[in-house]
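Working notes, structure below.
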Amino acid sequence: MKNKQFIVGPVELYQETRDVYQTDFTYFRTPEFGAMVKTTLAQLSKMIGNKKPNSMIYLTASGTAGMEAVIENCTNKDDKCLVINGGTFGHRFCELLEYHNIDFSSIDLEWNETLTQKHLNPYANKGYTMLFVNLHETSTGQLYDIEMISKFAKENNLLLVVDAISTFLADEFDMNKYGIDATIISSQKGLCLSAGLSFISFSERMLKRVYAKENVSSKYFDFKDYLKNIERGQTPYTPAVFIMYELQDMLGLIEKEGGLNKRLKFIEEKCKYFRKKALEIGLKIPDYPLSNMLTPVLFENISAYDVIQVLKDKYCIFVNPCGGKLADVLLRVSHIGNTTIADIDDLIEKMQLAINEVKERTICNVK
Ligand SMILES: *Cc1c(COP(=O)(O)O)cnc(C)c1O
């Protein structure tokens, strides 16, 4: 049986992406490779809503490195930061800021607590300088209200750093419209590429800040080197060349399909279809605002974790577990990657079977 992935990433690659490895490639220190990178990054920048040339760099490293490198390069010792901490990834921003000795406060949310204006209000006019948010908190599926966050950041003159890793190419996203100063994305989520590249896009004022910063704590991740090199489509060190080719190919594929909105519509269609079918078989979905990238499914009487194991062991279907105290309560089904409506029908059928099996086991175990 072939594995079927409904996980948040790395997702199952499209055949076209796999085929990239069969084609020829150019040595990366050539003007030809540089030109390809420049064109590709310009297209990607446009998709995230930043049209300024050379305002995006890429790192050969996973998304967390992008998060950490932004903290190293975009914060200063006298910054006072605010973090929306609604789960694993919000917590990660907190850990990274702490590690780099940057002063911060966090708005800590319960896993099922919706972020609202009342959470933000106590932090207005308190001397904060930056706001960090993982717009889609992948660990729970909550999609925060970017309009509300953006307005708060503008009113308080905060530099806004958005980890858009799991919302980009699943939900509408527009860096310019929302006045975002740094956006972090990575290759293995909505872009459906191999894991290993992260991309950071900067606003004009964030670029100034990056150029002004001296003594960046990491030599390898000093953004000034990346910004200087990217003008020629180059990187200071050897990049994951093949993922760049995958990206070029994927952007072409999205264009061919009908463009960004068409892609977003397809993800939305898969998402809505899954949610409708899930409710029909009696599954519960939490009621906080959700990204189209994934659907969390809530379990009350049986263990979500056990259901995941049966899906994997018996049907070769992979969905995401949740960590810590949510392990038995939630599982997460992703809607990105190379999956179809027919795959969702199959998933729903197998979920029903897996649930029945776990239920039977649970009843037998009750003394
Ligand atoms: C996947 C993800 C990351 C990056 O995790 P890596 O394992 O370092 O690639 C960061 N933030 C969010 C919101 C994510 O979903």
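Letters A, B, ... mark the chains of the structure tokens in the order given; residue numbers begin at 1 per chain; ligand numbers begin at 1, in order shown.
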Test item: residues no farther than 6 Å from ligand 1, counting only C-alpha atoms and all ligand atoms, as a short mmCIF file (atom, residue, chain, number, x, y, z; two decimals) with all heavy atoms, in the first residue's frame:
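The resulting file, pocket_3.cif, is reproduced below:
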data_model
loop_
_atom_site.label_atom_id
_atom_site.label_comp_id
_atom_site.auth_asym_id
_atom_site.auth_seq_id
_atom_site.Cartn_x
_atom_site.Cartn_y
_atom_site.Cartn_z
N SER A 62 15.79 25.11 7.74
CA SER A 62 14.35 24.97 7.91
C SER A 62 13.75 26.25 8.50
O SER A 62 14.47 27.20 8.86
CB SER A 62 14.03 23.75 8.77
OG SER A 62 14.09 24.08 10.14
N GLY A 63 12.45 26.29 8.60
CA GLY A 63 11.74 27.50 9.01
C GLY A 63 12.18 28.07 10.34
O GLY A 63 12.22 29.30 10.52
N THR A 64 12.51 27.21 11.27
CA THR A 64 12.94 27.69 12.58
C THR A 64 14.20 28.53 12.49
O THR A 64 14.36 29.53 13.20
CB THR A 64 13.15 26.50 13.54
OG1 THR A 64 11.94 25.74 13.56
CG2 THR A 64 13.50 26.96 14.94
N PHE A 89 4.44 26.92 18.16
CA PHE A 89 5.27 27.84 17.37
C PHE A 89 5.37 29.22 18.02
O PHE A 89 6.42 29.87 17.95
CB PHE A 89 4.78 27.89 15.92
CG PHE A 89 5.02 26.58 15.23
CD1 PHE A 89 3.98 25.67 15.03
CD2 PHE A 89 6.29 26.21 14.85
CE1 PHE A 89 4.21 24.44 14.44
CE2 PHE A 89 6.54 24.97 14.25
CZ PHE A 89 5.49 24.08 14.05
N ASN A 134 2.92 33.97 14.75
CA ASN A 134 2.82 32.87 13.79
C ASN A 134 1.37 32.92 13.33
O ASN A 134 0.48 32.43 14.03
CB ASN A 134 3.09 31.52 14.44
CG ASN A 134 4.23 31.60 15.44
OD1 ASN A 134 4.03 31.97 16.61
ND2 ASN A 134 5.42 31.29 15.00
N HIS A 136 -0.70 31.58 11.36
CA HIS A 136 -1.44 30.33 11.57
C HIS A 136 -0.63 29.51 12.56
O HIS A 136 0.47 29.05 12.25
CB HIS A 136 -1.60 29.59 10.24
CG HIS A 136 -2.14 28.21 10.40
ND1 HIS A 136 -1.82 27.18 9.55
CD2 HIS A 136 -2.96 27.67 11.34
CE1 HIS A 136 -2.44 26.06 9.94
NE2 HIS A 136 -3.12 26.33 11.04
N GLU A 137 -1.15 29.35 13.76
CA GLU A 137 -0.48 28.54 14.79
C GLU A 137 -0.75 27.08 14.46
O GLU A 137 -1.78 26.51 14.81
CB GLU A 137 -1.00 28.94 16.18
CG GLU A 137 -0.50 28.10 17.34
CD GLU A 137 1.01 27.89 17.41
OE1 GLU A 137 1.76 28.81 17.82
OE2 GLU A 137 1.44 26.78 17.06
N THR A 138 0.19 26.50 13.74
CA THR A 138 0.00 25.16 13.16
C THR A 138 -0.29 24.08 14.21
O THR A 138 -0.90 23.06 13.90
CB THR A 138 1.26 24.75 12.36
OG1 THR A 138 1.80 25.92 11.73
CG2 THR A 138 0.95 23.73 11.32
N ASP A 163 5.48 35.01 11.01
CA ASP A 163 5.79 33.67 10.55
C ASP A 163 4.54 33.21 9.79
O ASP A 163 3.51 32.95 10.39
CB ASP A 163 6.08 32.78 11.77
CG ASP A 163 6.03 31.29 11.46
OD1 ASP A 163 5.70 30.92 10.32
OD2 ASP A 163 6.30 30.49 12.37
N ILE A 165 4.58 30.68 7.67
CA ILE A 165 5.02 29.40 7.12
C ILE A 165 3.85 28.47 6.79
O ILE A 165 3.85 27.83 5.75
CB ILE A 165 6.03 28.72 8.09
CG1 ILE A 165 7.34 29.51 8.08
CG2 ILE A 165 6.27 27.26 7.72
CD1 ILE A 165 8.38 29.07 9.08
N SER A 166 2.84 28.44 7.64
CA SER A 166 1.76 27.49 7.37
C SER A 166 0.47 28.17 6.92
O SER A 166 -0.56 27.51 6.82
CB SER A 166 1.51 26.61 8.59
OG SER A 166 1.01 27.39 9.64
#
Could you pull out the helix (DSSP H, G or I) residues of stretch 172-274 of chain A from DSSP and send them as JSON, numbers by chain?
-> {"A": [204, 205, 206, 207, 208, 209, 210, 211, 212, 223, 224, 225, 226, 227, 228, 229, 230, 241, 242, 243, 244, 245, 246, 247, 248, 249, 250, 251, 252, 253, 254, 255, 256, 257, 260, 261, 262, 263, 264, 265, 266, 267, 268, 269, 270, 271, 272, 273, 274]}
Just-selected residues, N, CA and C atoms written as a compact mmCIF listing (two decimals), in the first residue's frame:
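See result.txt below for the written result:
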# COMPACT_ATOMS: atom_id res chain seq x y z
N GLU A 204 10.62 48.01 3.64
CA GLU A 204 11.66 49.03 3.49
C GLU A 204 12.30 49.38 4.84
N ARG A 205 11.44 49.61 5.84
CA ARG A 205 12.03 50.05 7.12
C ARG A 205 12.76 48.92 7.83
N MET A 206 12.34 47.68 7.58
CA MET A 206 13.08 46.56 8.19
C MET A 206 14.43 46.39 7.51
N LEU A 207 14.47 46.62 6.19
CA LEU A 207 15.75 46.54 5.48
C LEU A 207 16.75 47.53 6.08
N LYS A 208 16.27 48.73 6.35
CA LYS A 208 17.15 49.76 6.93
C LYS A 208 17.72 49.27 8.25
N ARG A 209 16.84 48.66 9.04
CA ARG A 209 17.24 48.17 10.36
C ARG A 209 18.31 47.07 10.22
N VAL A 210 18.09 46.18 9.26
CA VAL A 210 19.05 45.09 9.04
C VAL A 210 20.42 45.64 8.65
N TYR A 211 20.40 46.62 7.73
CA TYR A 211 21.67 47.21 7.29
C TYR A 211 22.38 47.93 8.43
N ALA A 212 21.59 48.49 9.35
CA ALA A 212 22.19 49.28 10.43
C ALA A 212 22.75 48.41 11.55
N PHE A 223 22.34 38.64 7.67
CA PHE A 223 21.48 38.99 6.52
C PHE A 223 22.15 39.98 5.57
N LYS A 224 23.05 40.80 6.08
CA LYS A 224 23.67 41.80 5.20
C LYS A 224 24.40 41.10 4.03
N ASP A 225 25.04 39.97 4.34
CA ASP A 225 25.72 39.21 3.29
C ASP A 225 24.72 38.66 2.27
N TYR A 226 23.58 38.20 2.79
CA TYR A 226 22.56 37.62 1.90
C TYR A 226 21.95 38.70 1.01
N LEU A 227 21.73 39.89 1.60
CA LEU A 227 21.11 40.97 0.84
C LEU A 227 22.04 41.48 -0.26
N LYS A 228 23.32 41.55 0.07
CA LYS A 228 24.30 42.01 -0.92
C LYS A 228 24.35 41.00 -2.08
N ASN A 229 24.40 39.72 -1.75
CA ASN A 229 24.51 38.68 -2.77
C ASN A 229 23.26 38.52 -3.62
N ILE A 230 22.11 38.76 -3.01
CA ILE A 230 20.86 38.46 -3.72
C ILE A 230 20.64 39.44 -4.88
N VAL A 241 20.54 23.91 -4.06
CA VAL A 241 20.33 24.28 -5.46
C VAL A 241 19.05 23.65 -6.04
N PHE A 242 18.87 22.36 -5.73
CA PHE A 242 17.75 21.66 -6.35
C PHE A 242 16.39 22.14 -5.86
N ILE A 243 16.34 22.58 -4.62
CA ILE A 243 15.04 23.07 -4.15
C ILE A 243 14.71 24.38 -4.86
N MET A 244 15.74 25.13 -5.23
CA MET A 244 15.49 26.34 -6.01
C MET A 244 14.87 25.98 -7.36
N TYR A 245 15.37 24.91 -7.97
CA TYR A 245 14.77 24.45 -9.22
C TYR A 245 13.33 23.96 -8.99
N GLU A 246 13.13 23.28 -7.86
CA GLU A 246 11.76 22.84 -7.54
C GLU A 246 10.83 24.04 -7.44
N LEU A 247 11.36 25.10 -6.80
CA LEU A 247 10.55 26.30 -6.62
C LEU A 247 10.21 26.94 -7.97
N GLN A 248 11.22 27.06 -8.81
CA GLN A 248 10.98 27.63 -10.14
C GLN A 248 9.87 26.86 -10.85
N ASP A 249 9.98 25.54 -10.76
CA ASP A 249 9.00 24.68 -11.41
C ASP A 249 7.60 24.85 -10.81
N MET A 250 7.55 24.91 -9.48
CA MET A 250 6.25 25.02 -8.78
C MET A 250 5.56 26.34 -9.13
N LEU A 251 6.32 27.42 -9.18
CA LEU A 251 5.71 28.70 -9.50
C LEU A 251 5.15 28.67 -10.92
N GLY A 252 5.85 27.98 -11.81
CA GLY A 252 5.35 27.79 -13.16
C GLY A 252 4.07 26.98 -13.16
N LEU A 253 4.06 25.95 -12.34
CA LEU A 253 2.90 25.06 -12.25
C LEU A 253 1.67 25.83 -11.74
N ILE A 254 1.88 26.65 -10.72
CA ILE A 254 0.78 27.44 -10.16
C ILE A 254 0.24 28.40 -11.24
N GLU A 255 1.16 29.01 -11.98
CA GLU A 255 0.77 29.91 -13.07
C GLU A 255 -0.09 29.16 -14.08
N LYS A 256 0.40 27.97 -14.45
CA LYS A 256 -0.27 27.17 -15.47
C LYS A 256 -1.68 26.75 -15.01
N GLU A 257 -1.80 26.48 -13.72
CA GLU A 257 -3.11 26.08 -13.15
C GLU A 257 -4.11 27.22 -13.17
N LEU A 260 -2.33 32.26 -8.47
CA LEU A 260 -2.40 32.16 -7.01
C LEU A 260 -3.82 31.91 -6.49
N ASN A 261 -4.77 32.70 -6.99
CA ASN A 261 -6.13 32.56 -6.46
C ASN A 261 -6.73 31.19 -6.75
N LYS A 262 -6.37 30.67 -7.91
CA LYS A 262 -6.85 29.35 -8.28
C LYS A 262 -6.30 28.31 -7.30
N ARG A 263 -5.03 28.44 -6.96
CA ARG A 263 -4.41 27.51 -6.01
C ARG A 263 -5.10 27.61 -4.64
N LEU A 264 -5.31 28.86 -4.20
CA LEU A 264 -5.96 29.06 -2.91
C LEU A 264 -7.37 28.46 -2.91
N LYS A 265 -8.05 28.62 -4.03
CA LYS A 265 -9.41 28.06 -4.15
C LYS A 265 -9.39 26.54 -4.03
N PHE A 266 -8.38 25.93 -4.62
CA PHE A 266 -8.29 24.47 -4.58
C PHE A 266 -8.06 23.97 -3.15
N ILE A 267 -7.19 24.67 -2.43
CA ILE A 267 -6.94 24.29 -1.03
C ILE A 267 -8.23 24.48 -0.23
N GLU A 268 -8.91 25.59 -0.49
CA GLU A 268 -10.17 25.88 0.22
C GLU A 268 -11.22 24.80 -0.08
N GLU A 269 -11.24 24.38 -1.33
CA GLU A 269 -12.21 23.36 -1.73
C GLU A 269 -11.95 22.05 -0.98
N LYS A 270 -10.68 21.64 -0.92
CA LYS A 270 -10.33 20.41 -0.20
C LYS A 270 -10.68 20.54 1.28
N CYS A 271 -10.36 21.72 1.82
CA CYS A 271 -10.62 21.98 3.23
C CYS A 271 -12.12 21.91 3.55
N LYS A 272 -12.92 22.60 2.74
CA LYS A 272 -14.37 22.62 2.99
C LYS A 272 -14.97 21.23 2.82
N TYR A 273 -14.48 20.53 1.82
CA TYR A 273 -14.99 19.18 1.56
C TYR A 273 -14.70 18.28 2.75
N PHE A 274 -13.48 18.33 3.24
CA PHE A 274 -13.13 17.49 4.39
C PHE A 274 -14.01 17.84 5.59
Show me a table, sorted first by chain and then by increasing residue number, of the residues of stretch 181-278 of chain A having an atom at most 12 Å from stretch 99-119 of chain A, each with its shortest atom pair and the distance in Å to one decimal, counting only C-alpha atoms and written as a tab-separated table.
residue	atom	partner	partner_atom	distance
A:Val216	CA	A:His100	CA	10.9
A:Ser217	CA	A:His100	CA	8.8
A:Ser218	CA	A:His100	CA	11.1
- Task: Just list the residues in stretch 222-356 of chain A DSSP gives strand (DSSP E or B) on the backbone, as a VMD selection string.
- Result: chain A and resid 284 290 294 to 298 317 to 321 330 to 334
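Nearest-residue note for A:Asp181: choosing from A:Asn3, A:Thr339, A:Gln142, A:Asn50, the minimum distance belongs to A:Asn50, counting only C-alpha atoms.
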Would you please work out which residue, of A:Gln22, A:Thr183, A:Asn73, A:Gln234, is nearest to A:Ser45 when using only C-alpha atoms?
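For A:Ser45, the nearest of the candidates is A:Thr183.
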At a cut-off of 7 Å, using only C-alpha atoms, what residues contact A:Pro10? Leave out same-chain residues fewer than 6 positions from it and give the result as a list in words.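 Listed by chain and then number, they are Gln188, Lys189, Ser194 and Ala195 of chain A.
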Could you save the residues just selected, with C-alpha atoms, as an mmCIF file, in the first residue's frame?
data_model
loop_
_atom_site.group_PDB
_atom_site.id
_atom_site.type_symbol
_atom_site.label_atom_id
_atom_site.label_comp_id
_atom_site.auth_asym_id
_atom_site.auth_seq_id
_atom_site.Cartn_x
_atom_site.Cartn_y
_atom_site.Cartn_z
ATOM 1 C CA GLN A 188 8.019 22.240 2.777
ATOM 2 C CA LYS A 189 4.539 23.585 3.621
ATOM 3 C CA SER A 194 11.355 19.415 -0.340
ATOM 4 C CA ALA A 195 12.282 20.599 3.134
#
May I ask for the distance between atom CA of A:Pro31 and atom CA of A:Asn54, given in Å to one decimal place?
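Taking atom CA of A:Pro31 and atom CA of A:Asn54, their separation equals 15.9 Å.
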* Two-atom distance - atom CA of A:Ser303, atom CA of A:Asp328 (Å) ->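 These two atoms are separated by 4.4 Å.
The environment of stretch 308-324 of chain A within 7 Å, counting only C-alpha atoms and disregarding residues fewer than 2 places along the same chain, consists of A:Met1, A:Lys2, A:Asn3, A:Lys4, A:Gln5, A:Phe6, A:Ile7, A:Ser139, A:Ala304, A:Tyr305, A:Asp306, A:Leu326, A:Ala327, A:Leu330, A:Leu331, A:Arg332, A:Val333, A:Lys350, A:Met351, A:Ala354.
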Compile the contact shell of A:Ile348 as a CSV table (one decimal) with N, CA, C and O atoms, in the first residue's frame: residues with an atom at most 9 Å away, counting only C-alpha atoms, same-chain residues fewer than 6 positions apart removed.
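And here's out_39.csv as it stands now:
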chain,number,residue,atom,x,y,z
A,274,PHE,N,-13.5,18.3,3.2
A,274,PHE,CA,-13.1,17.5,4.4
A,274,PHE,C,-14.0,17.8,5.6
A,274,PHE,O,-14.5,16.9,6.3
A,277,LYS,N,-17.6,16.5,5.2
A,277,LYS,CA,-17.6,15.0,5.4
A,277,LYS,C,-17.4,14.6,6.8
A,277,LYS,O,-18.0,13.7,7.3
A,278,ALA,N,-16.5,15.3,7.4
A,278,ALA,CA,-16.1,15.0,8.8
A,278,ALA,C,-17.3,15.2,9.7
A,278,ALA,O,-17.6,14.4,10.6
A,281,ILE,N,-19.9,12.4,9.5
A,281,ILE,CA,-19.7,11.2,10.2
A,281,ILE,C,-19.6,11.4,11.7
A,281,ILE,O,-19.1,10.6,12.5
Correct to one decimal, the distance atom CA of A:Ser203-atom CA of A:Gly127 is 21.5 Å
